[in-house]
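One file, query_20.txt, carrying compact mmCIF, C-alpha atoms (C1' of nucleotides):
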# COMPACT_ATOMS: atom_id res chain seq x y z
CA MET R 1 7.11 37.51 0.56
CA PRO R 2 9.12 40.10 -1.39
CA GLU R 3 12.85 39.73 -1.57
CA THR R 4 15.09 42.35 -0.08
CA HIS R 5 17.33 42.49 -3.13
CA GLU R 6 16.54 42.72 -6.79
CA SER R 7 16.94 39.21 -8.13
CA PRO R 8 19.49 38.99 -10.96
CA VAL R 9 17.07 37.70 -13.60
CA PRO R 10 19.06 37.33 -16.81
CA LEU R 11 17.89 40.00 -19.23
CA ARG R 12 17.36 39.30 -22.90
CA SER R 13 19.66 42.24 -23.56
CA HIS R 14 20.83 45.51 -22.05
CA CYS R 15 19.27 47.63 -24.73
CA PRO R 16 17.52 50.36 -22.73
CA VAL R 17 14.23 49.80 -24.54
CA ASN R 18 14.41 46.11 -23.75
CA TYR R 19 15.17 46.80 -20.11
CA ALA R 20 11.99 48.87 -19.91
CA LEU R 21 9.95 46.19 -21.66
CA GLU R 22 11.23 43.45 -19.39
CA ALA R 23 10.24 45.53 -16.39
CA VAL R 24 6.85 46.86 -17.50
CA GLY R 25 6.24 45.48 -21.00
CA ASP R 26 3.32 43.23 -20.25
CA ARG R 27 -0.43 43.55 -20.44
CA TRP R 28 -0.93 45.07 -16.99
CA SER R 29 2.07 46.78 -15.39
CA LEU R 30 1.57 50.12 -17.11
CA ILE R 31 -2.17 50.03 -16.43
CA VAL R 32 -1.35 49.75 -12.74
CA MET R 33 1.21 52.55 -13.00
CA ARG R 34 -1.29 54.70 -14.89
CA ASP R 35 -3.77 54.28 -12.05
CA ILE R 36 -1.18 55.09 -9.40
CA LEU R 37 0.40 58.02 -11.24
CA LEU R 38 -2.62 59.54 -12.95
CA ASN R 39 -5.78 58.25 -11.34
CA GLY R 40 -5.06 58.59 -7.64
CA LYS R 41 -5.42 54.88 -6.90
CA PHE R 42 -3.18 53.62 -4.14
CA ARG R 43 -4.93 50.58 -2.64
CA PHE R 44 -5.47 47.05 -3.87
CA ARG R 45 -9.23 47.40 -4.10
CA ASP R 46 -8.98 50.69 -6.00
CA LEU R 47 -6.48 49.27 -8.48
CA LEU R 48 -8.68 46.20 -8.82
CA ALA R 49 -11.55 48.43 -9.90
CA ALA R 50 -9.77 49.50 -13.10
CA GLU R 51 -12.27 49.39 -15.90
CA GLU R 52 -10.01 46.97 -17.78
CA ARG R 53 -10.84 44.32 -15.14
CA ILE R 54 -7.59 42.91 -13.86
CA ALA R 55 -7.89 39.64 -11.94
CA THR R 56 -6.93 39.56 -8.26
CA ASN R 57 -4.11 37.06 -8.70
CA VAL R 58 -2.66 39.00 -11.61
CA LEU R 59 -2.84 42.33 -9.74
CA SER R 60 -1.18 40.67 -6.79
CA GLU R 61 1.65 39.33 -8.94
CA ARG R 62 2.10 42.62 -10.77
CA LEU R 63 2.33 44.60 -7.52
CA ALA R 64 4.93 42.16 -6.21
CA ARG R 65 6.94 42.39 -9.43
CA LEU R 66 6.78 46.19 -9.51
CA ALA R 67 7.95 46.27 -5.91
CA GLU R 68 10.83 43.88 -6.71
CA HIS R 69 11.87 46.22 -9.48
CA ARG R 70 11.71 49.15 -7.02
CA ILE R 71 9.11 50.87 -9.18
CA ILE R 72 6.58 50.98 -6.38
CA GLU R 73 6.72 50.65 -2.62
CA LYS R 74 4.24 48.78 -0.44
CA ILE R 75 3.43 50.50 2.82
CA ARG R 76 1.07 49.35 5.54
CA ASP R 77 -1.70 51.84 6.21
CA PRO R 78 -1.07 53.10 9.75
CA ASP R 79 -4.80 53.76 10.19
CA ASP R 80 -5.98 50.33 9.10
CA GLY R 81 -3.75 47.30 9.47
CA ARG R 82 -5.60 45.35 6.79
CA GLN R 83 -4.76 47.81 4.10
CA PHE R 84 -1.61 48.59 2.18
CA ILE R 85 -0.74 51.62 0.17
CA TYR R 86 1.21 51.39 -3.04
CA VAL R 87 3.16 54.46 -4.08
CA ALA R 88 5.60 55.06 -6.90
CA THR R 89 9.29 55.35 -6.11
CA GLU R 90 11.35 57.90 -8.05
CA LYS R 91 11.96 55.12 -10.54
CA GLY R 92 8.22 54.67 -10.84
CA GLU R 93 7.57 58.38 -11.16
CA SER R 94 10.08 58.42 -14.01
CA LEU R 95 7.67 56.31 -16.03
CA MET R 96 5.37 59.31 -16.33
CA GLY R 97 6.89 60.39 -19.65
CA ALA R 98 6.48 56.98 -21.24
CA ILE R 99 2.91 56.62 -20.00
CA LEU R 100 1.93 60.07 -21.29
CA GLU R 101 3.59 59.34 -24.65
CA LEU R 102 1.65 56.10 -24.98
CA GLY R 103 -1.51 57.93 -23.99
CA ALA R 104 -0.89 60.67 -26.53
CA TRP R 105 -0.41 58.04 -29.19
CA GLY R 106 -3.56 56.21 -28.15
CA ALA R 107 -5.56 59.42 -28.10
CA GLU R 108 -4.34 60.24 -31.58
CA PHE R 109 -5.21 56.93 -33.19
CA ASP R 110 -8.20 55.57 -31.33
CA ALA R 111 -11.21 57.01 -33.07
CA ASP R 112 -13.31 56.28 -29.97
CA THR R 113 -10.84 57.53 -27.40
CA ASP R 114 -12.02 58.79 -24.03
CA ALA R 115 -9.33 61.47 -24.10
CA PRO R 116 -10.63 65.00 -24.64
CA PRO R 117 -9.96 66.52 -28.08
CA GLY R 118 -6.60 68.22 -28.43
CA THR R 119 -4.90 66.01 -25.84
CA THR R 120 -2.18 64.80 -28.16
CA LYS R 121 -1.55 68.16 -29.73
CA LYS R 122 -1.21 69.86 -26.36
CA PHE R 123 1.09 67.18 -25.07
CA ARG R 124 3.37 67.38 -28.08
CA ALA R 125 3.44 71.17 -27.96
CA ASP R 126 5.05 71.04 -24.52
CA ARG R 127 6.12 67.57 -23.58
CA SER R 128 8.37 68.37 -20.63
CA GLY R 129 5.93 70.90 -19.19
CA THR R 130 3.04 68.46 -19.37
CA ILE R 131 5.08 65.72 -17.76
CA SER R 132 6.28 68.00 -14.96
CA ALA R 133 2.73 69.16 -14.31
CA ALA R 134 1.44 65.59 -14.14
CA LEU R 135 4.23 64.65 -11.75
CA GLU R 136 3.47 67.58 -9.52
CA ALA R 137 -0.20 66.63 -9.45
CA TYR R 138 0.77 63.06 -8.56
CA ARG R 139 3.03 64.16 -5.70
CA LYS R 140 0.23 66.24 -4.28
CA SER R 141 -2.37 63.49 -4.55
CA ARG R 142 -0.15 60.77 -3.12
CA PRO R 143 -0.80 59.88 0.51
CA ARG R 144 1.99 61.07 2.76
CA LEU R 145 3.03 58.28 5.04
CA THR R 146 6.06 57.55 7.10
CA ARG R 147 7.49 54.18 6.32
CA MET P 1 -3.72 36.17 -45.15
CA PRO P 2 -4.08 39.68 -43.71
CA GLU P 3 -7.54 41.20 -43.57
CA THR P 4 -8.31 44.30 -45.56
CA HIS P 5 -10.08 45.98 -42.66
CA GLU P 6 -9.14 46.40 -39.05
CA SER P 7 -11.15 43.82 -37.14
CA PRO P 8 -13.34 45.34 -34.42
CA VAL P 9 -11.75 43.52 -31.48
CA PRO P 10 -13.54 44.68 -28.34
CA LEU P 11 -11.15 46.83 -26.31
CA ARG P 12 -10.87 46.54 -22.55
CA SER P 13 -11.47 50.30 -22.47
CA HIS P 14 -11.00 53.43 -24.51
CA CYS P 15 -8.51 54.94 -22.14
CA PRO P 16 -5.76 56.15 -24.48
CA VAL P 17 -3.05 54.39 -22.48
CA ASN P 18 -5.01 51.17 -22.67
CA TYR P 19 -5.49 51.55 -26.43
CA ALA P 20 -1.72 51.78 -26.81
CA LEU P 21 -1.13 48.78 -24.58
CA GLU P 22 -3.66 46.66 -26.43
CA ALA P 23 -1.91 47.52 -29.69
CA VAL P 24 1.73 47.22 -28.67
CA GLY P 25 1.77 46.29 -24.97
CA ASP P 26 3.26 42.84 -25.21
CA ARG P 27 6.70 41.40 -24.93
CA TRP P 28 7.71 41.89 -28.56
CA SER P 29 5.81 44.53 -30.53
CA LEU P 30 7.92 47.46 -29.36
CA ILE P 31 11.13 45.49 -29.84
CA VAL P 32 10.12 45.04 -33.47
CA MET P 33 9.23 48.72 -33.78
CA ARG P 34 12.51 49.70 -32.15
CA ASP P 35 14.38 47.70 -34.78
CA ILE P 36 12.40 49.21 -37.63
CA LEU P 37 12.48 52.79 -36.35
CA LEU P 38 15.91 52.94 -34.77
CA ASN P 39 18.02 50.07 -36.02
CA GLY P 40 17.40 50.11 -39.76
CA LYS P 41 15.93 46.61 -39.88
CA PHE P 42 13.26 46.15 -42.52
CA ARG P 43 13.30 42.46 -43.42
CA PHE P 44 12.11 39.35 -41.63
CA ARG P 45 15.58 37.89 -41.27
CA ASP P 46 17.01 41.16 -39.94
CA LEU P 47 14.24 41.51 -37.37
CA LEU P 48 14.72 37.86 -36.47
CA ALA P 49 18.35 38.58 -35.64
CA ALA P 50 17.41 40.88 -32.72
CA GLU P 51 19.67 40.02 -29.83
CA GLU P 52 16.60 39.32 -27.69
CA ARG P 53 15.96 36.21 -29.85
CA ILE P 54 12.39 36.34 -31.02
CA ALA P 55 11.00 33.07 -32.37
CA THR P 56 9.99 32.85 -36.03
CA ASN P 57 6.33 32.13 -35.33
CA VAL P 58 6.11 34.97 -32.84
CA LEU P 59 7.78 37.44 -35.20
CA SER P 60 5.42 36.33 -37.92
CA GLU P 61 2.38 36.88 -35.70
CA ARG P 62 3.61 40.22 -34.43
CA LEU P 63 4.23 41.51 -37.96
CA ALA P 64 0.74 40.43 -38.98
CA ARG P 65 -0.79 42.11 -35.94
CA LEU P 66 1.16 45.33 -36.44
CA ALA P 67 0.04 45.39 -40.07
CA GLU P 68 -3.60 44.81 -39.03
CA HIS P 69 -3.29 47.80 -36.71
CA ARG P 70 -1.85 49.84 -39.58
CA ILE P 71 1.34 50.43 -37.62
CA ILE P 72 3.51 48.87 -40.31
CA GLU P 73 3.09 48.04 -43.94
CA LYS P 74 4.27 44.91 -45.70
CA ILE P 75 5.68 45.49 -49.16
CA ARG P 76 7.11 42.94 -51.54
CA ASP P 77 10.70 43.70 -52.51
CA PRO P 78 10.60 44.54 -56.22
CA ASP P 79 14.18 43.31 -56.62
CA ASP P 80 13.64 39.94 -54.95
CA GLY P 81 10.23 38.32 -54.93
CA ARG P 82 11.08 36.15 -51.91
CA GLN P 83 11.57 39.10 -49.66
CA PHE P 84 9.23 41.54 -48.02
CA ILE P 85 9.99 44.90 -46.55
CA TYR P 86 8.29 46.14 -43.41
CA VAL P 87 8.07 49.89 -42.97
CA ALA P 88 6.34 52.02 -40.39
CA THR P 89 3.21 53.90 -41.37
CA GLU P 90 2.69 57.38 -39.94
CA LYS P 91 0.93 55.68 -37.05
CA GLY P 92 4.01 53.55 -36.54
CA GLU P 93 6.36 56.50 -36.79
CA SER P 94 4.29 58.19 -34.08
CA LEU P 95 5.48 55.54 -31.66
CA MET P 96 8.95 57.08 -31.74
CA GLY P 97 8.25 59.27 -28.70
CA ALA P 98 7.05 56.38 -26.56
CA ILE P 99 9.97 54.18 -27.58
CA LEU P 100 12.51 56.88 -26.82
CA GLU P 101 10.85 57.59 -23.46
CA LEU P 102 11.01 53.92 -22.54
CA GLY P 103 14.62 53.83 -23.68
CA ALA P 104 15.50 56.90 -21.64
CA TRP P 105 13.92 55.28 -18.60
CA GLY P 106 15.77 52.03 -19.21
CA ALA P 107 19.06 53.84 -19.70
CA GLU P 108 18.53 55.68 -16.43
CA PHE P 109 17.77 52.68 -14.28
CA ASP P 110 19.68 49.78 -15.80
CA ALA P 111 23.10 49.87 -14.19
CA ASP P 112 24.45 47.74 -17.06
CA THR P 113 22.77 49.59 -19.89
CA ASP P 114 24.26 49.57 -23.36
CA ALA P 115 23.19 53.18 -23.81
CA PRO P 116 26.03 55.70 -23.81
CA PRO P 117 26.32 57.87 -20.70
CA GLY P 118 24.19 61.00 -20.76
CA THR P 119 21.54 59.48 -23.02
CA THR P 120 18.66 60.12 -20.64
CA LYS P 121 19.79 63.58 -19.65
CA LYS P 122 20.16 64.67 -23.29
CA PHE P 123 16.79 63.24 -24.21
CA ARG P 124 15.02 64.98 -21.36
CA ALA P 125 16.75 68.27 -22.08
CA ASP P 126 15.15 68.37 -25.52
CA ARG P 127 12.51 65.72 -25.95
CA SER P 128 10.80 67.01 -29.08
CA GLY P 129 14.09 67.82 -30.78
CA THR P 130 15.48 64.36 -30.10
CA ILE P 131 12.31 62.70 -31.33
CA SER P 132 12.24 64.80 -34.52
CA ALA P 133 15.87 64.01 -35.20
CA ALA P 134 15.29 60.29 -34.73
CA LEU P 135 12.30 60.42 -37.07
CA GLU P 136 14.28 62.24 -39.69
CA ALA P 137 17.04 59.66 -39.44
CA TYR P 138 14.45 56.91 -39.80
CA ARG P 139 12.88 58.46 -42.88
CA LYS P 140 16.28 58.71 -44.51
CA SER P 141 17.25 55.14 -43.69
CA ARG P 142 13.95 53.62 -44.78
CA PRO P 143 13.99 51.96 -48.19
CA ARG P 144 12.02 53.99 -50.73
CA LEU P 145 9.68 51.70 -52.59
CA THR P 146 6.60 52.22 -54.64
CA ARG P 147 3.72 50.12 -53.36
C1' DA X 1 16.54 22.71 -67.25
C1' DT X 2 17.47 20.78 -63.10
C1' DT X 3 19.29 21.13 -58.56
C1' DT X 4 20.53 23.78 -54.61
C1' DT X 5 20.09 27.57 -51.73
C1' DT X 6 17.69 31.37 -49.60
C1' DA X 7 13.75 33.74 -47.55
C1' DA X 8 9.66 33.77 -45.25
C1' DC X 9 6.95 31.61 -43.13
C1' DT X 10 3.85 27.09 -40.71
C1' DT X 11 3.13 23.39 -37.77
C1' DG X 12 3.29 20.66 -33.59
C1' DC X 13 4.11 20.49 -29.12
C1' DA X 14 6.01 22.00 -24.38
C1' DT X 15 6.07 25.70 -21.13
C1' DT X 16 4.56 29.98 -19.18
C1' DA X 17 1.24 33.69 -18.51
C1' DT X 18 -3.32 35.18 -17.94
C1' DG X 19 -8.33 34.74 -16.69
C1' DC X 20 -12.01 33.20 -13.62
C1' DA X 21 -14.28 31.58 -9.48
C1' DA X 22 -13.95 30.23 -5.03
C1' DG X 23 -11.57 30.05 -0.65
C1' DT X 24 -8.39 31.75 3.33
C1' DG X 25 -6.58 34.51 7.28
C1' DA X 26 -5.87 38.69 9.61
C1' DA X 27 -7.86 43.11 11.07
C1' DT X 28 -11.72 46.05 11.89
C1' DA X 29 -16.70 46.97 12.79
C1' DC X 30 -20.70 45.84 15.25
C1' DG L 1 -18.38 37.33 20.67
C1' DT L 2 -20.01 37.44 15.26
C1' DA L 3 -19.96 39.55 10.86
C1' DT L 4 -17.68 42.07 7.46
C1' DT L 5 -13.82 44.01 5.00
C1' DC L 6 -9.42 43.69 2.93
C1' DA L 7 -5.72 41.63 0.68
C1' DC L 8 -4.64 38.19 -0.89
C1' DT L 9 -4.04 32.54 -2.44
C1' DT L 10 -5.51 28.35 -4.72
C1' DG L 11 -7.13 25.42 -8.43
C1' DC L 12 -8.08 24.96 -12.81
C1' DA L 13 -9.18 26.46 -17.86
C1' DT L 14 -7.56 29.06 -21.74
C1' DA L 15 -4.27 31.92 -24.23
C1' DA L 16 0.42 33.49 -25.26
C1' DT L 17 5.11 32.40 -25.92
C1' DG L 18 9.25 29.40 -26.87
C1' DC L 19 11.56 25.79 -29.53
C1' DA L 20 12.58 22.68 -33.27
C1' DA L 21 11.46 20.94 -37.48
C1' DG L 22 9.00 21.19 -41.81
C1' DT L 23 6.91 23.64 -46.04
C1' DT L 24 6.58 26.71 -50.13
C1' DA L 25 7.98 29.92 -53.48
C1' DA L 26 11.58 32.48 -55.65
C1' DA L 27 16.35 33.05 -56.94
C1' DA L 28 20.98 31.42 -57.82
C1' DA L 29 24.14 27.92 -59.26
C1' DT L 30 25.27 24.28 -62.31
Spit out the file's structure as structure tokens when you get a sec.
Amino acid sequence: MPETHESPVPLRSHCPVNYALEAVGDRWSLIVMRDILLNGKFRFRDLLAAEERIATNVLSERLARLAEHRIIEKIRDPDDGRQFIYVATEKGESLMGAILELGAWGAEFDADTDAPPGTTKKFRADRSGTISAALEAYRKSRPRLTR
Amino acid sequence: MPETHESPVPLRSHCPVNYALEAVGDRWSLIVMRDILLNGKFRFRDLLAAEERIATNVLSERLARLAEHRIIEKIRDPDDGRQFIYVATEKGESLMGAILELGAWGAEFDADTDAPPGTTKKFRADRSGTISAALEAYRKSRPRLTR
DNA sequence: ATTTTTAACTTGCATTATGCAAGTGAATAC
DNA sequence: GTATTCACTTGCATAATGCAAGTTAAAAAT
């Protein structure tokens, strides 16, 4: 059961980069956030279907951790009591820039990337515009639910 | 001993975000790159002194991995044969944007951040300018050595 | 020239994180 | 009611990380 308050885990440091890495610097957290923010996945089973094949226990832990950090919020689906919907908080939405930067870097240096040609160049030509556009698209795709 | 060629490790996917995470998405790689790119640390002992306390074997592995991925280069110090100097390749330098984005996010959401006030706001007001300036500063600070 | 110190690692072992397959309980569908 | 779906949990194997001590080569001190 998730705690109500953020637990005061001692951080390795308060360097802002380190803070980010302690929150999302593992093998899976940013894959989950990518799927929520960019791929329109909001349910456990959809996130589970990521082509990188996350295990159920790991996805479960990651979602709990992200919720503890107030990066996502877990909401029961009013139309189906078995299901939950995971949406990004403002804090989670703010990861968009970092995720797109990492993606631009990956697209530039992976010779076999799935990204369409020109992705990196376009992103770097207008970083803030691309980020804003992606955020707007996310906000439109996100299910609107009352908590 | 480092391999001459990048080993064809099978990737989980060719999503550009996933490529980045497979290369540097662990607890330490971006801390090391932060220290090289932003903190003027180029030697094993300097990187070891990161306040996050990386272990010697882990630092050693990370440096080897980063070199395999052609993100850094290991150069013997011509003035002291015991020492090596680790510098970012162009691929490594290209991580600057992602590191600064993560830092801006961390500075925004860590109430106890070490970052000076206004860091995030300034960065977001001129992302490309801030990144270019940081890269220029890096290139000036980096030791100039012939391979 | 020999000894001591420094730098960059290795090695061995404990702990933690991740991966995999199977199982559970609550809610919906039939 | 029974069966199925959904979101997990459990148990156990393997991999990654953390910690302390040891090794090797080069440089500095004597």
Which polymer residues have any atom within 10 Å of an atom of DC19 of chain L, counting all atoms listed in the file, with same-chain residues fewer than 5 positions away left out, as JSON, numbers by chain?
-> {"P": [55, 56], "X": [13, 14]}
File dump, residues just selected, C-alpha atoms (C1' of nucleotides), as a short mmCIF file (atom, residue, chain, number, x, y, z; two decimals), in the frame of the given file:
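Once written, out.cif looks like this:
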data_model
loop_
_atom_site.label_atom_id
_atom_site.label_comp_id
_atom_site.auth_asym_id
_atom_site.auth_seq_id
_atom_site.Cartn_x
_atom_site.Cartn_y
_atom_site.Cartn_z
CA ALA P 55 11.00 33.07 -32.37
CA THR P 56 9.99 32.85 -36.03
"C1'" DC X 13 4.11 20.49 -29.12
"C1'" DA X 14 6.01 22.00 -24.38
#
Excluding same-chain residues fewer than 5 positions from Glu51 of chain P, what lies within 10 Å of it counting all atoms listed in the file, as an NGL selection string?
-> :R and (12-15)
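Pairwise distance (atom CA of Trp28 of chain P, atom CA of Ser132 of chain P) equals 24.1 Å.
When only C-alpha atoms are used to compute distances to chain R, the closest of the residues P:Pro78, P:Gly106, P:Pro143, P:Gly129 turns out to be P:Gly106.
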Output the contact residues of chain R with respect to chain L at a cut-off of 10 Å, based on all atoms listed in the file, as a list in words.
-> Arg43, Phe44, Arg45, Thr56, Asn57, Leu59, Ser60, Asp80, Gly81, Arg82, Gln83 and Phe84 of chain R
Create the file for the chosen residues now, containing C-alpha atoms and written as a compact mmCIF listing (two decimals), in the frame of the given file.
# COMPACT_ATOMS: atom_id res chain seq x y z
CA ARG R 43 -4.93 50.58 -2.64
CA PHE R 44 -5.47 47.05 -3.87
CA ARG R 45 -9.23 47.40 -4.10
CA THR R 56 -6.93 39.56 -8.26
CA ASN R 57 -4.11 37.06 -8.70
CA LEU R 59 -2.84 42.33 -9.74
CA SER R 60 -1.18 40.67 -6.79
CA ASP R 80 -5.98 50.33 9.10
CA GLY R 81 -3.75 47.30 9.47
CA ARG R 82 -5.60 45.35 6.79
CA GLN R 83 -4.76 47.81 4.10
CA PHE R 84 -1.61 48.59 2.18
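Within 7 Å of Ile72 of chain P, once only C-alpha atoms (C1' of nucleotides) are used and residues closer than 2 positions along the same chain are dropped, the contacting residues are Leu66, Ala67, Arg70, Lys74, Tyr86, Val87, Ala88, Thr89 and Gly92 of chain P.
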